[in-house]
file input21.txt (compact mmCIF, C-alpha atoms (C1' of nucleotides))
# COMPACT_ATOMS: atom_id res chain seq x y z
CA MET H 981 -58.00 12.15 -42.88
CA ALA H 982 -54.24 12.29 -43.25
CA ARG H 983 -54.34 13.78 -46.70
CA VAL H 984 -51.02 15.55 -46.66
CA LEU H 985 -48.90 13.15 -44.68
CA LYS H 986 -49.44 10.42 -47.24
CA GLN H 987 -47.66 12.59 -49.76
CA PHE H 988 -44.60 12.98 -47.63
CA THR H 989 -41.46 11.38 -48.93
CA LEU H 990 -39.72 9.26 -46.36
CA PRO H 991 -41.25 6.29 -44.53
CA PRO H 992 -41.36 6.52 -40.70
CA SER H 993 -38.67 3.88 -40.38
CA LEU H 994 -36.21 6.21 -42.04
CA LEU H 995 -37.37 9.32 -40.25
CA PHE H 996 -37.00 7.93 -36.78
CA PRO H 997 -34.87 4.76 -36.92
CA GLN H 998 -35.37 3.95 -33.26
CA GLY H 999 -39.07 4.62 -33.22
CA TRP H 1000 -38.67 7.76 -31.11
CA SER H 1001 -37.32 5.80 -28.17
CA GLY H 1002 -33.79 5.00 -27.08
CA THR H 1003 -31.15 6.50 -24.88
CA VAL H 1004 -29.89 10.03 -25.25
CA PRO H 1005 -26.73 8.82 -27.04
CA ASP H 1006 -28.97 6.77 -29.37
CA LEU H 1007 -31.04 9.82 -30.28
CA ARG H 1008 -27.92 11.88 -30.87
CA ARG H 1009 -26.58 9.27 -33.26
CA ILE H 1010 -29.87 9.36 -35.14
CA GLN H 1011 -29.48 13.10 -35.53
CA GLU H 1012 -25.93 12.76 -36.78
CA ALA H 1013 -27.07 10.24 -39.37
CA LEU H 1014 -30.10 12.22 -40.53
CA ALA H 1015 -28.15 15.48 -40.66
CA GLY H 1016 -26.50 14.07 -43.75
CA ARG H 1017 -29.82 14.31 -45.55
CA VAL H 1018 -30.17 18.06 -45.04
CA SER H 1019 -29.79 20.19 -48.15
CA LEU H 1020 -29.00 23.90 -48.06
CA ARG H 1021 -29.76 24.29 -51.73
CA ASN H 1022 -32.57 26.77 -52.36
CA ALA H 1023 -35.81 25.18 -53.49
CA PHE H 1024 -37.22 28.63 -54.37
CA ARG H 1025 -35.85 31.84 -55.87
CA SER H 1026 -38.69 33.90 -54.43
CA LEU H 1027 -41.19 33.44 -51.64
CA PRO H 1028 -43.59 30.60 -52.47
CA ARG H 1029 -47.31 31.11 -51.89
CA TRP H 1030 -48.36 28.54 -49.30
CA ILE H 1031 -46.45 28.66 -46.06
CA ALA H 1032 -47.32 26.60 -43.01
CA GLY H 1033 -46.33 27.66 -39.52
CA VAL H 1034 -46.21 24.99 -36.83
CA ASP H 1035 -45.78 25.09 -33.07
CA VAL H 1036 -46.46 23.05 -29.96
CA GLY H 1037 -48.00 24.22 -26.71
CA LEU H 1038 -48.09 22.29 -23.47
CA GLY H 1039 -50.83 21.95 -20.87
CA ARG H 1040 -50.57 22.90 -17.22
CA PHE H 1041 -48.31 20.05 -16.19
CA ALA H 1042 -46.84 19.29 -19.59
CA LYS H 1043 -48.92 16.15 -19.89
CA ILE H 1044 -50.57 16.99 -23.19
CA ALA H 1045 -48.85 18.41 -26.25
CA ARG H 1046 -51.06 20.52 -28.50
CA ALA H 1047 -49.70 21.03 -32.01
CA ALA H 1048 -51.02 23.69 -34.36
CA ALA H 1049 -50.39 24.06 -38.08
CA VAL H 1050 -51.54 27.23 -39.80
CA LEU H 1051 -51.43 27.59 -43.56
CA VAL H 1052 -50.76 31.18 -44.58
CA ASP H 1053 -51.09 32.76 -48.01
CA SER H 1054 -47.86 34.71 -48.42
CA ARG H 1055 -49.61 37.11 -50.80
CA THR H 1056 -51.92 38.36 -48.08
CA LEU H 1057 -50.20 37.13 -44.90
CA LEU H 1058 -53.61 35.81 -43.88
CA PRO H 1059 -54.38 32.29 -42.62
CA VAL H 1060 -56.36 30.10 -45.00
CA ALA H 1061 -56.47 26.87 -42.99
CA GLU H 1062 -55.72 25.64 -39.49
CA ALA H 1063 -55.30 22.31 -37.78
CA VAL H 1064 -54.89 21.34 -34.13
CA VAL H 1065 -53.97 17.94 -32.71
CA GLU H 1066 -53.44 16.92 -29.09
CA GLN H 1067 -51.40 13.99 -27.93
CA PRO H 1068 -49.83 12.81 -24.65
CA VAL H 1069 -46.23 13.92 -24.25
CA ALA H 1070 -43.85 11.00 -24.66
CA LEU H 1071 -40.48 12.49 -23.79
CA PRO H 1072 -39.16 15.18 -21.44
CA TYR H 1073 -37.53 18.29 -22.84
CA ILE H 1074 -33.83 17.71 -23.36
CA PRO H 1075 -31.82 20.54 -24.94
CA GLY H 1076 -30.71 19.41 -28.36
CA LEU H 1077 -33.34 16.68 -28.65
CA LEU H 1078 -36.47 18.80 -28.95
CA SER H 1079 -37.61 17.30 -32.23
CA PHE H 1080 -38.09 13.84 -30.74
CA ARG H 1081 -40.51 15.34 -28.27
CA GLU H 1082 -42.47 17.61 -30.59
CA LEU H 1083 -42.37 16.23 -34.12
CA PRO H 1084 -44.79 13.31 -33.73
CA VAL H 1085 -47.72 15.56 -32.93
CA VAL H 1086 -46.58 18.26 -35.36
CA LEU H 1087 -46.67 15.76 -38.22
CA GLN H 1088 -50.21 14.82 -37.19
CA ALA H 1089 -51.31 18.44 -37.36
CA LEU H 1090 -49.68 19.00 -40.74
CA ALA H 1091 -51.48 15.95 -42.04
CA GLN H 1092 -54.79 17.66 -41.33
CA LEU H 1093 -54.15 20.62 -43.60
CA PRO H 1094 -56.27 20.67 -46.77
CA ARG H 1095 -53.28 21.22 -49.04
CA ARG H 1096 -49.58 20.59 -49.06
CA PRO H 1097 -47.53 23.64 -47.97
CA ASP H 1098 -44.68 24.87 -50.17
CA LEU H 1099 -42.60 25.79 -47.14
CA LEU H 1100 -42.64 25.15 -43.41
CA MET H 1101 -41.67 27.53 -40.64
CA CYS H 1102 -41.34 26.29 -37.09
CA ASP H 1103 -40.36 27.39 -33.60
CA GLY H 1104 -36.81 26.33 -32.85
CA GLN H 1105 -33.51 25.87 -34.61
CA GLY H 1106 -32.78 24.52 -38.06
CA ILE H 1107 -29.05 23.81 -38.52
CA ALA H 1108 -28.09 26.20 -35.72
CA HIS H 1109 -27.74 23.11 -33.56
CA PRO H 1110 -24.88 21.09 -31.99
CA ARG H 1111 -25.29 18.38 -34.66
CA ARG H 1112 -26.77 20.71 -37.28
CA PHE H 1113 -30.11 18.99 -36.89
CA GLY H 1114 -32.59 21.06 -34.92
CA ILE H 1115 -36.34 20.55 -35.13
CA ALA H 1116 -36.77 22.55 -38.34
CA ALA H 1117 -34.14 20.44 -40.10
CA HIS H 1118 -35.72 17.24 -38.81
CA LEU H 1119 -39.16 18.40 -39.91
CA GLY H 1120 -37.84 19.25 -43.36
CA VAL H 1121 -36.11 15.92 -43.82
CA ALA H 1122 -39.12 14.07 -42.44
CA THR H 1123 -41.54 15.70 -44.85
CA GLY H 1124 -39.24 16.38 -47.76
CA LEU H 1125 -40.47 19.97 -47.69
CA PRO H 1126 -38.35 23.13 -47.53
CA SER H 1127 -38.27 24.38 -43.94
CA ILE H 1128 -36.97 27.28 -41.85
CA GLY H 1129 -36.24 27.40 -38.13
CA VAL H 1130 -37.36 30.53 -36.26
CA ALA H 1131 -36.17 30.42 -32.66
CA LYS H 1132 -36.66 33.02 -29.93
CA SER H 1133 -33.27 32.38 -28.38
CA ILE H 1134 -29.92 30.78 -29.14
CA LEU H 1135 -29.17 27.13 -28.46
CA VAL H 1136 -25.56 27.30 -29.62
CA GLY H 1137 -23.52 29.93 -31.42
CA THR H 1138 -22.33 33.50 -31.08
CA HIS H 1139 -22.73 36.76 -32.97
CA ASP H 1140 -21.49 40.33 -33.09
CA SER H 1141 -23.54 43.05 -31.42
CA LEU H 1142 -26.82 43.70 -33.19
CA PRO H 1143 -28.12 47.23 -33.91
CA GLY H 1144 -31.49 48.05 -32.36
CA ARG H 1145 -33.23 49.05 -35.54
CA GLN H 1146 -35.76 46.79 -37.21
CA GLY H 1147 -34.24 44.64 -39.94
CA ALA H 1148 -30.74 44.52 -38.46
CA GLN H 1149 -28.99 41.20 -39.03
CA ARG H 1150 -25.82 39.44 -37.93
CA PRO H 1151 -24.48 36.01 -38.83
CA LEU H 1152 -24.84 33.35 -36.15
CA LEU H 1153 -21.59 31.40 -35.92
CA ILE H 1154 -20.63 28.07 -34.43
CA ASP H 1155 -16.86 27.72 -34.29
CA GLY H 1156 -16.56 30.32 -37.01
CA GLU H 1157 -19.04 28.58 -39.30
CA GLY H 1158 -22.16 30.49 -40.35
CA VAL H 1159 -25.26 28.52 -39.40
CA GLY H 1160 -27.97 31.14 -39.33
CA THR H 1161 -28.96 34.76 -38.84
CA VAL H 1162 -29.71 36.82 -35.75
CA LEU H 1163 -32.53 39.09 -36.93
CA ARG H 1164 -34.09 42.12 -35.27
CA SER H 1165 -37.64 41.51 -36.44
CA ARG H 1166 -38.95 44.37 -34.35
CA ALA H 1167 -37.31 47.35 -32.61
CA GLY H 1168 -37.25 47.05 -28.86
CA CYS H 1169 -37.54 43.26 -28.94
CA ALA H 1170 -35.04 40.46 -28.55
CA PRO H 1171 -33.93 39.22 -31.98
CA LEU H 1172 -35.08 36.07 -33.74
CA ILE H 1173 -32.64 33.28 -34.53
CA VAL H 1174 -33.30 32.18 -38.09
CA SER H 1175 -31.61 29.15 -39.60
CA PRO H 1176 -32.21 26.86 -42.57
CA GLY H 1177 -34.10 23.69 -41.88
CA HIS H 1178 -34.01 21.97 -45.25
CA ARG H 1179 -33.80 22.90 -48.95
CA ILE H 1180 -32.98 26.56 -48.32
CA GLY H 1181 -29.87 28.61 -47.65
CA ILE H 1182 -28.99 30.90 -44.76
CA GLU H 1183 -29.56 34.17 -46.58
CA ARG H 1184 -32.83 33.22 -48.23
CA ALA H 1185 -34.19 31.80 -45.00
CA ALA H 1186 -33.76 35.22 -43.38
CA ASP H 1187 -35.26 36.97 -46.41
CA PHE H 1188 -38.36 34.78 -46.30
CA VAL H 1189 -38.86 35.34 -42.60
CA MET H 1190 -38.58 39.10 -43.10
CA ALA H 1191 -41.17 38.91 -45.85
CA MET H 1192 -43.63 37.32 -43.43
CA LEU H 1193 -43.35 39.98 -40.73
CA THR H 1194 -46.08 42.46 -39.86
CA ARG H 1195 -46.16 44.43 -36.63
CA TYR H 1196 -45.13 41.64 -34.32
CA ARG H 1197 -41.91 40.01 -33.28
CA LEU H 1198 -42.73 36.69 -34.92
CA PRO H 1199 -43.46 36.09 -38.61
CA GLU H 1200 -47.15 35.40 -39.26
CA PRO H 1201 -47.05 31.63 -39.81
CA THR H 1202 -45.22 31.00 -36.56
CA ARG H 1203 -47.10 33.68 -34.63
CA LEU H 1204 -50.48 32.26 -35.57
CA ALA H 1205 -49.43 28.68 -34.87
CA ASP H 1206 -48.01 29.78 -31.53
CA ARG H 1207 -51.33 31.31 -30.51
CA LEU H 1208 -53.34 28.34 -31.67
CA SER H 1209 -51.10 25.86 -29.90
CA LYS H 1210 -51.74 27.45 -26.52
CA PRO H 1211 -54.26 25.41 -24.53
CA PRO H 1212 -57.32 27.52 -23.58
CA ARG H 1213 -56.67 29.04 -20.17
CA ASP H 1214 -59.03 28.53 -17.24
CA THR H 1215 -60.91 31.73 -16.48
CA GLU H 1216 -62.84 30.28 -13.56
CA HIS H 1217 -62.04 31.52 -10.07
CA ARG H 1218 -63.80 29.66 -7.31
C1' DG M 1096 -15.46 19.21 -12.46
C1' DC M 1097 -18.59 23.31 -13.62
C1' DG M 1098 -21.91 25.88 -16.34
C1' DA M 1099 -24.96 26.25 -20.63
C1' DC M 1100 -28.83 24.61 -22.56
C1' DA M 1101 -34.39 25.68 -28.73
C1' DG M 1102 -39.20 24.56 -26.32
C1' DA G 164 -42.81 25.40 -22.47
C1' DT G 165 -45.63 27.26 -18.22
C1' DC G 166 -46.68 30.17 -13.82
C1' DT G 167 -48.67 35.66 -13.87
C1' DT G 168 -50.36 42.13 -13.01
C1' DG G 169 -48.90 45.78 -13.82
C1' DT G 170 -45.84 48.60 -16.12
C1' DC G 171 -42.09 50.94 -18.96
C1' DG G 172 -40.49 52.05 -23.64
C1' DC G 173 -40.46 51.99 -28.79

call {"tool": "encode", "arguments": {"input": "input21.txt", "output": "structure tokens"}}
result
Amino acid sequence: MARVLKQFTLPPSLLFPQGWSGTVPDLRRIQEALAGRVSLRNAFRSLPRWIAGVDVGLGRFAKIARAAAVLVDSRTLLPVAEAVVEQPVALPYIPGLLSFRELPVVLQALAQLPRRPDLLMCDGQGIAHPRRFGIAAHLGVATGLPSIGVAKSILVGTHDSLPGRQGAQRPLLIDGEGVGTVLRSRAGCAPLIVSPGHRIGIERAADFVMAMLTRYRLPEPTRLADRLSKPPRDTEHR
DNA sequence: GCGACAG
DNA sequence: ATCTTGTCGC
């Protein structure tokens, strides 16, 4: 059952005031209001043990959203629990409003985990967003849990040129304000865009992501969730 | 008015 | 996000 979700802090009415529906301007106003609940204060001094990665994959014609939540033990970087939930897609993808499309099913998947994560990592932006309220920030505020956004590309913001070596970092700026970190997680790969979601600062968010890297471009929690969220591909050829 | 635009 | 085989570089 929904063991974890019941422990989450805010009631649905406060998480999504318009019940996920409404016009684009309506949804933007919701983000502006909820952005005020985001905290950049660090909830942890060092990497906590239980980290959940979440991601959403779409079927062939984007009819079904498949959310995956993978609980990883940061001491071993190995998965200790997984959950997958599928649900019809309710909204189209609109840049800047991703969370309204993906969060409903993500919350369902998180609810299936056997224990409450200490920290969440998800695909997409945290505060590196036009209204400082990307999906990672929304997820953090919705659950009350610390969260970090790990995106594969920039939504908004600029940065100085980034060295090619692994570990290189540059601040991501929006109108001169630091909102995240452009991080070369792996040499020869496009950098990751790391930004705080909730209850963590810019610098520590990048540190925690680095601590979860192995040989791949994505940190383990997100990488595993990404794989799990992909619908099984047809192998049949008539 | 014209592009840009997480997943 | 998804559609897709082979191929070039760290």

call {"tool": "atom_distance", "arguments": {"input": "input21.txt", "atom1": "atom CA of H:Gly1156", "atom2": "atom CA of H:Thr1138"}}
result
8.9 Å

call {"tool": "atom_distance", "arguments": {"input": "input21.txt", "atom1": "atom CA of H:Glu1183", "atom2": "atom CA of H:Pro1151"}}
result
9.4 Å

call {"tool": "closest_atom_pairs", "arguments": {"input": "input21.txt", "of": "chain G", "to": "chain H", "cutoff": "8 Å", "atoms": "all atoms listed in the file", "output": "CSV"}}
result
residue,atom,partner,partner_atom,distance
G:DA164,C1',H:Leu1038,CA,6.2
G:DT165,C1',H:Arg1040,CA,6.7
G:DG172,C1',H:Gly1168,CA,7.9
G:DC173,C1',H:Gly1168,CA,5.9

call {"tool": "atom_distance", "arguments": {"input": "input21.txt", "atom1": "atom CA of H:Ile1173", "atom2": "atom CA of H:Arg1055"}}
result
23.8 Å

call {"tool": "interface_residues", "arguments": {"input": "input21.txt", "of": "chain H", "to": "chain M", "cutoff": "9 Å", "atoms": "only C-alpha atoms (C1' of nucleotides)", "output": "MDAnalysis selection string"}}
result
chainID H and resid 1036:1037 1073:1076 1078 1082 1103:1105 1109 1114:1115 1131:1136

call {"tool": "axis_aligned_box", "arguments": {"input": "input21.txt", "around": "stretch 168-173 of chain G", "padding_each_side": "3 Å", "output": "AutoDock Vina command-line options"}}
result
--center_x -45.4 --center_y 47.1 --center_z -20.9 --size_x 15.9 --size_y 15.9 --size_z 21.8
